[in-house]
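Everything below concerns the one structure shown next.
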Amino acid sequence: MRPILLCMAVAVFGLIPDHAGAANTPPSIPPISNQVTIQSLPIRISFTVWDAETPADRLSLRLVSSNPTLLPEVDACGTMDAGFCFSGSGSNRTLMLRPDGTNFGEAVITVTVADDAGATATNSFWLTVMVLQPHLSVSGIPDQTTDENTSTPAIPFRVQYTGFRTGELSVKGTSSDQSLIPDPNIVFVDSISNRTVTITPTPNRFGQAVITVYASDGEVKGAWSFLLTVKGRLQIALAGRNQVVTWTVTNAALQEARQITGPWMDIVPVASSPYTATTSETKFYRLQKL
């Protein structure tokens with residue numbers, strides 16, 4: 001057969017190779033490294049996709065979770081729900097993973113990319129969700145001072161919590177000196193994390209007590225201690241050449257000294273309020289806690 005006739009036969013009977021009917025090339029997705037996070041903390045993962053025939057914008061993505069309790073197979077784009085969200089355009093894509101609530105553990109996450117012809121490529125990685133260790137703390141409260149028969153002002157403090165509560169958050173206070181500050185006299189006002197405490201001394205008492213504020217969720221506890229000083233009020237008035245000393249506290253004895261720095265001496269017999277010094281000497285007085 002002449003060459004020209006052979007060419008015509010090839011053209012007629014379709015013997016010339018048809019490149020349009022060539023096999024479709026599957027898309028590609030590079031490996032994604034294993035991921036680690038803590039409870040409820042989202043992860044964002046950047047990755048790329050590519051295909052020889054299908055434009056990158058038309059490549060579709062699908063996610064499969066081996067542990068839907070940990071990571072549900074739910075499209076959570078635009079929500080705060082647990083699940084996943086694919087975003088991005090072209091070859092540059094992003095995967096957001098948001099684990100479910102208080103759950104923790106491991107899951108195999110499989111990402112599949114598909115082209116227009118239905119060809120696919122997959123990539124799998126491990127997702128590890130660790131337990132967020134609960135921590136409860138009470139902010140620093142400075143040492144406080146008040147007078148006898150006088151409540152403290154409302155003292156502000158904060159309770160800070162990380163993790164997941166096992167119960168309702170409660171706050172209470174204890175005193176190292178129940179005769180001066182009984183526990184029921186430590187009163188709290190709650191407002192989420194911003195709180196106040198007011199402390200009322202026992203009437204006609206003075207001294208010092210260590211106040212400890214506890215916060216608890218039933219298991220986890222946080223605490224802070226500070227010193228409360230209750231001052232005994234001493235009043236000195238002059239009546240002629242006499243000094244008249246009065247006080248109201250019941251847990252104190254009057255002492256006197258010739259200098260403010262002492263030495264301080266007990267008055268014998270024990271002075272009771274009011275006490276009148278009939279000397280013309282200048283003397284200093286203080287109350288000594290019994």
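The chains in the structure tokens are called A, B, ... from first to last as shown; in each chain the residues are counted from 1, and the ligands are counted from 1 in the order shown.
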Could you find all residues in range 9-189 of chain A that DSSP calls helix (DSSP H, G or I) from the backbone, and write them as a PDB file with N, CA and C atoms, in the first residue's frame?
ATOM      1  N   ALA A   9      -5.917   5.329   5.688  1.00  0.00           N
ATOM      2  CA  ALA A   9      -6.514   4.202   6.413  1.00  0.00           C
ATOM      3  C   ALA A   9      -6.391   4.392   7.912  1.00  0.00           C
ATOM      4  N   VAL A  10      -5.253   4.866   8.349  1.00  0.00           N
ATOM      5  CA  VAL A  10      -5.043   5.100   9.790  1.00  0.00           C
ATOM      6  C   VAL A  10      -6.015   6.138  10.290  1.00  0.00           C
ATOM      7  N   ALA A  11      -6.203   7.222   9.491  1.00  0.00           N
ATOM      8  CA  ALA A  11      -7.100   8.279   9.908  1.00  0.00           C
ATOM      9  C   ALA A  11      -8.536   7.800   9.954  1.00  0.00           C
ATOM     10  N   VAL A  12      -8.934   6.979   8.940  1.00  0.00           N
ATOM     11  CA  VAL A  12     -10.317   6.512   8.858  1.00  0.00           C
ATOM     12  C   VAL A  12     -10.636   5.550   9.980  1.00  0.00           C
ATOM     13  N   HIS A  19      -4.832  11.258  22.221  1.00  0.00           N
ATOM     14  CA  HIS A  19      -4.316  11.688  23.529  1.00  0.00           C
ATOM     15  C   HIS A  19      -5.439  12.112  24.463  1.00  0.00           C
ATOM     16  N   ALA A  20      -6.600  12.527  23.890  1.00  0.00           N
ATOM     17  CA  ALA A  20      -7.713  12.936  24.743  1.00  0.00           C
ATOM     18  C   ALA A  20      -8.242  11.775  25.569  1.00  0.00           C
ATOM     19  N   GLY A  21      -8.027  10.557  25.113  1.00  0.00           N
ATOM     20  CA  GLY A  21      -8.524   9.398  25.850  1.00  0.00           C
ATOM     21  C   GLY A  21      -7.476   8.775  26.739  1.00  0.00           C
ATOM     22  N   ALA A  56      -6.781  23.037  40.501  1.00  0.00           N
ATOM     23  CA  ALA A  56      -6.706  22.820  41.950  1.00  0.00           C
ATOM     24  C   ALA A  56      -7.946  23.309  42.670  1.00  0.00           C
ATOM     25  N   ASP A  57      -8.596  24.377  42.167  1.00  0.00           N
ATOM     26  CA  ASP A  57      -9.789  24.903  42.823  1.00  0.00           C
ATOM     27  C   ASP A  57     -10.939  23.896  42.816  1.00  0.00           C
ATOM     28  N   ARG A  58     -10.924  22.966  41.844  1.00  0.00           N
ATOM     29  CA  ARG A  58     -12.025  22.023  41.726  1.00  0.00           C
ATOM     30  C   ARG A  58     -11.746  20.699  42.435  1.00  0.00           C
ATOM     31  N   ASP A 183     -14.949  31.463 111.795  1.00  0.00           N
ATOM     32  CA  ASP A 183     -15.113  31.196 110.364  1.00  0.00           C
ATOM     33  C   ASP A 183     -16.395  31.797 109.781  1.00  0.00           C
ATOM     34  N   PRO A 184     -17.548  31.750 110.489  1.00  0.00           N
ATOM     35  CA  PRO A 184     -18.763  32.335 109.903  1.00  0.00           C
ATOM     36  C   PRO A 184     -18.656  33.843 109.671  1.00  0.00           C
ATOM     37  N   ASN A 185     -17.671  34.500 110.296  1.00  0.00           N
ATOM     38  CA  ASN A 185     -17.513  35.941 110.112  1.00  0.00           C
ATOM     39  C   ASN A 185     -16.703  36.284 108.862  1.00  0.00           C
TER      40      ASN A 185
END
Between range 42-105 of chain A and range 112-122 of chain A, at 9 Å or less, what are the per-residue closest atom pairs and their distances in Å? Count only C-alpha atoms, order by chain and rising residue number, and return it as a Markdown table.
| residue | atom | partner | partner_atom | distance |
| --- | --- | --- | --- | --- |
| A:Val49 | CA | A:Val113 | CA | 7.5 |
| A:Asp51 | CA | A:Asp115 | CA | 7.2 |
| A:Glu53 | CA | A:Asp115 | CA | 8.2 |
| A:Thr54 | CA | A:Asp115 | CA | 5.9 |
| A:Pro55 | CA | A:Asp115 | CA | 8.5 |
| A:Ala56 | CA | A:Asp115 | CA | 8.6 |
| A:Arg58 | CA | A:Asp115 | CA | 7.1 |
| A:Leu59 | CA | A:Asp115 | CA | 5.0 |
| A:Ser60 | CA | A:Ala114 | CA | 5.3 |
| A:Leu61 | CA | A:Val113 | CA | 4.6 |
| A:Arg62 | CA | A:Thr112 | CA | 5.1 |
| A:Leu63 | CA | A:Thr112 | CA | 6.4 |
| A:Val64 | CA | A:Thr112 | CA | 8.3 |
Taking N, CA and C atoms for each residue, export the selection above as a CSV table (one decimal), in the first residue's frame.
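Writing done, so here's again.csv:
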chain,number,residue,atom,x,y,z
A,49,VAL,N,-2.6,20.5,47.7
A,49,VAL,CA,-3.1,19.5,46.8
A,49,VAL,C,-2.8,19.8,45.4
A,51,ASP,N,-3.2,18.3,41.0
A,51,ASP,CA,-3.7,17.4,40.0
A,51,ASP,C,-3.2,17.8,38.6
A,53,GLU,N,-4.7,17.1,35.6
A,53,GLU,CA,-5.8,17.4,34.7
A,53,GLU,C,-6.8,18.4,35.3
A,54,THR,N,-7.2,18.2,36.6
A,54,THR,CA,-8.2,19.0,37.2
A,54,THR,C,-7.6,20.3,37.8
A,55,PRO,N,-8.1,21.5,37.6
A,55,PRO,CA,-7.7,22.7,38.3
A,55,PRO,C,-7.8,22.5,39.8
A,56,ALA,N,-6.8,23.0,40.5
A,56,ALA,CA,-6.7,22.8,41.9
A,56,ALA,C,-7.9,23.3,42.7
A,58,ARG,N,-10.9,23.0,41.8
A,58,ARG,CA,-12.0,22.0,41.7
A,58,ARG,C,-11.7,20.7,42.4
A,59,LEU,N,-10.6,20.6,43.0
A,59,LEU,CA,-10.3,19.4,43.8
A,59,LEU,C,-11.1,19.4,45.1
A,60,SER,N,-11.8,18.3,45.4
A,60,SER,CA,-12.6,18.2,46.6
A,60,SER,C,-11.9,17.4,47.7
A,61,LEU,N,-12.3,17.7,48.9
A,61,LEU,CA,-11.7,17.0,50.1
A,61,LEU,C,-12.7,16.4,50.9
A,62,ARG,N,-12.3,15.3,51.6
A,62,ARG,CA,-13.1,14.5,52.5
A,62,ARG,C,-12.3,14.1,53.7
A,63,LEU,N,-12.9,14.0,54.9
A,63,LEU,CA,-12.2,13.6,56.1
A,63,LEU,C,-12.9,12.4,56.7
A,64,VAL,N,-12.2,11.5,57.2
A,64,VAL,CA,-12.7,10.3,57.9
A,64,VAL,C,-11.9,10.2,59.2
Step one, run DSSP on the backbone; step two, keep only residues of range 148-280 of chain A assigned to strand (DSSP E or B); then write them as a PyMOL selection string.
-> chain A and resi 155-162+170-175+186-189+194-199+207-216+221-231+234-239+242-247+252-257+265-266+275-277
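Residues in contact with range 278-287 of chain A at 6 Å, where only C-alpha atoms are counted and same-chain residues fewer than 2 positions away are skipped, are listed as Arg241, Asn242, Ala252, Ala253, Leu254, Gln255, Glu256, Ala257 and Arg258 of chain A.
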Per residue of range 104-157 of chain A within 9 Å of range 192-207 of chain A, note the shortest atom pair and the distance in Å to one decimal, counting only C-alpha atoms, and order the rows by chain and increasing residue number, as CSV.
residue,atom,partner,partner_atom,distance
A:Thr146,CA,A:Pro201,CA,8.8
A:Asp147,CA,A:Phe206,CA,7.8
A:Glu148,CA,A:Phe206,CA,5.8
A:Asn149,CA,A:Pro203,CA,5.1
A:Thr150,CA,A:Thr200,CA,6.6
A:Ser151,CA,A:Thr200,CA,4.3
A:Thr152,CA,A:Ile199,CA,5.4
A:Pro153,CA,A:Thr198,CA,6.1
A:Ala154,CA,A:Thr198,CA,4.8
A:Ile155,CA,A:Thr196,CA,5.0
A:Pro156,CA,A:Thr196,CA,4.3
A:Phe157,CA,A:Arg195,CA,5.5
A straight line from CA of Ala107 in chain A to CA of Thr37 in chain A spans 12.0 Å
Near Pro68 in chain A, counting only C-alpha atoms, which residues have an atom at most 12 Å away, once you skip same-chain residues fewer than 6 positions from it, shown as JSON, numbers by chain?
-> {"A": [74, 82, 83, 84, 97, 98, 99, 100, 103, 104, 105, 106, 107, 108, 109, 127]}
Requested write-out: N, CA and C atoms of the selected residues, as a compact mmCIF listing (two decimals), in the first residue's frame:
# COMPACT_ATOMS: atom_id res chain seq x y z
N VAL A 74 -17.99 15.90 61.34
CA VAL A 74 -19.00 16.94 61.17
C VAL A 74 -18.32 18.20 60.63
N ALA A 82 -17.71 20.88 67.77
CA ALA A 82 -16.63 19.93 67.51
C ALA A 82 -16.76 19.40 66.10
N GLY A 83 -15.64 19.14 65.46
CA GLY A 83 -15.64 18.62 64.10
C GLY A 83 -14.43 19.12 63.34
N PHE A 84 -14.61 19.35 62.03
CA PHE A 84 -13.49 19.77 61.20
C PHE A 84 -13.97 20.84 60.22
N LEU A 97 -9.11 21.22 63.01
CA LEU A 97 -9.64 20.12 63.80
C LEU A 97 -10.02 20.65 65.17
N ARG A 98 -11.26 20.40 65.61
CA ARG A 98 -11.69 20.83 66.94
C ARG A 98 -12.21 19.60 67.69
N PRO A 99 -11.41 19.06 68.63
CA PRO A 99 -11.84 17.88 69.39
C PRO A 99 -13.10 18.18 70.19
N ASP A 100 -13.80 17.11 70.55
CA ASP A 100 -15.09 17.23 71.21
C ASP A 100 -14.93 17.36 72.73
N ASN A 103 -13.39 15.13 75.92
CA ASN A 103 -12.83 13.84 75.49
C ASN A 103 -11.33 13.96 75.22
N PHE A 104 -10.66 12.84 75.38
CA PHE A 104 -9.24 12.78 75.08
C PHE A 104 -8.92 11.37 74.57
N GLY A 105 -7.77 11.23 73.94
CA GLY A 105 -7.38 9.94 73.37
C GLY A 105 -6.72 10.12 72.02
N GLU A 106 -6.87 9.13 71.14
CA GLU A 106 -6.22 9.16 69.83
C GLU A 106 -7.21 8.81 68.73
N ALA A 107 -6.92 9.31 67.55
CA ALA A 107 -7.72 8.98 66.37
C ALA A 107 -6.82 9.04 65.15
N VAL A 108 -7.12 8.17 64.18
CA VAL A 108 -6.45 8.25 62.88
C VAL A 108 -7.33 9.10 61.97
N ILE A 109 -6.77 10.19 61.47
CA ILE A 109 -7.49 11.10 60.60
C ILE A 109 -7.03 10.85 59.17
N LEU A 127 -4.01 11.83 65.39
CA LEU A 127 -4.38 12.99 66.23
C LEU A 127 -4.40 12.51 67.67
Sorted by chain and rising residue number, list the residues of range 178-221 of chain A at most 10 Å from range 131-134 of chain A (counting only C-alpha atoms), each with its closest atom pair and distance in Å to one decimal, as a Markdown table.
| residue | atom | partner | partner_atom | distance |
| --- | --- | --- | --- | --- |
| A:Glu219 | CA | A:Pro134 | CA | 9.8 |
| A:Val220 | CA | A:Pro134 | CA | 7.2 |
| A:Lys221 | CA | A:Pro134 | CA | 9.7 |
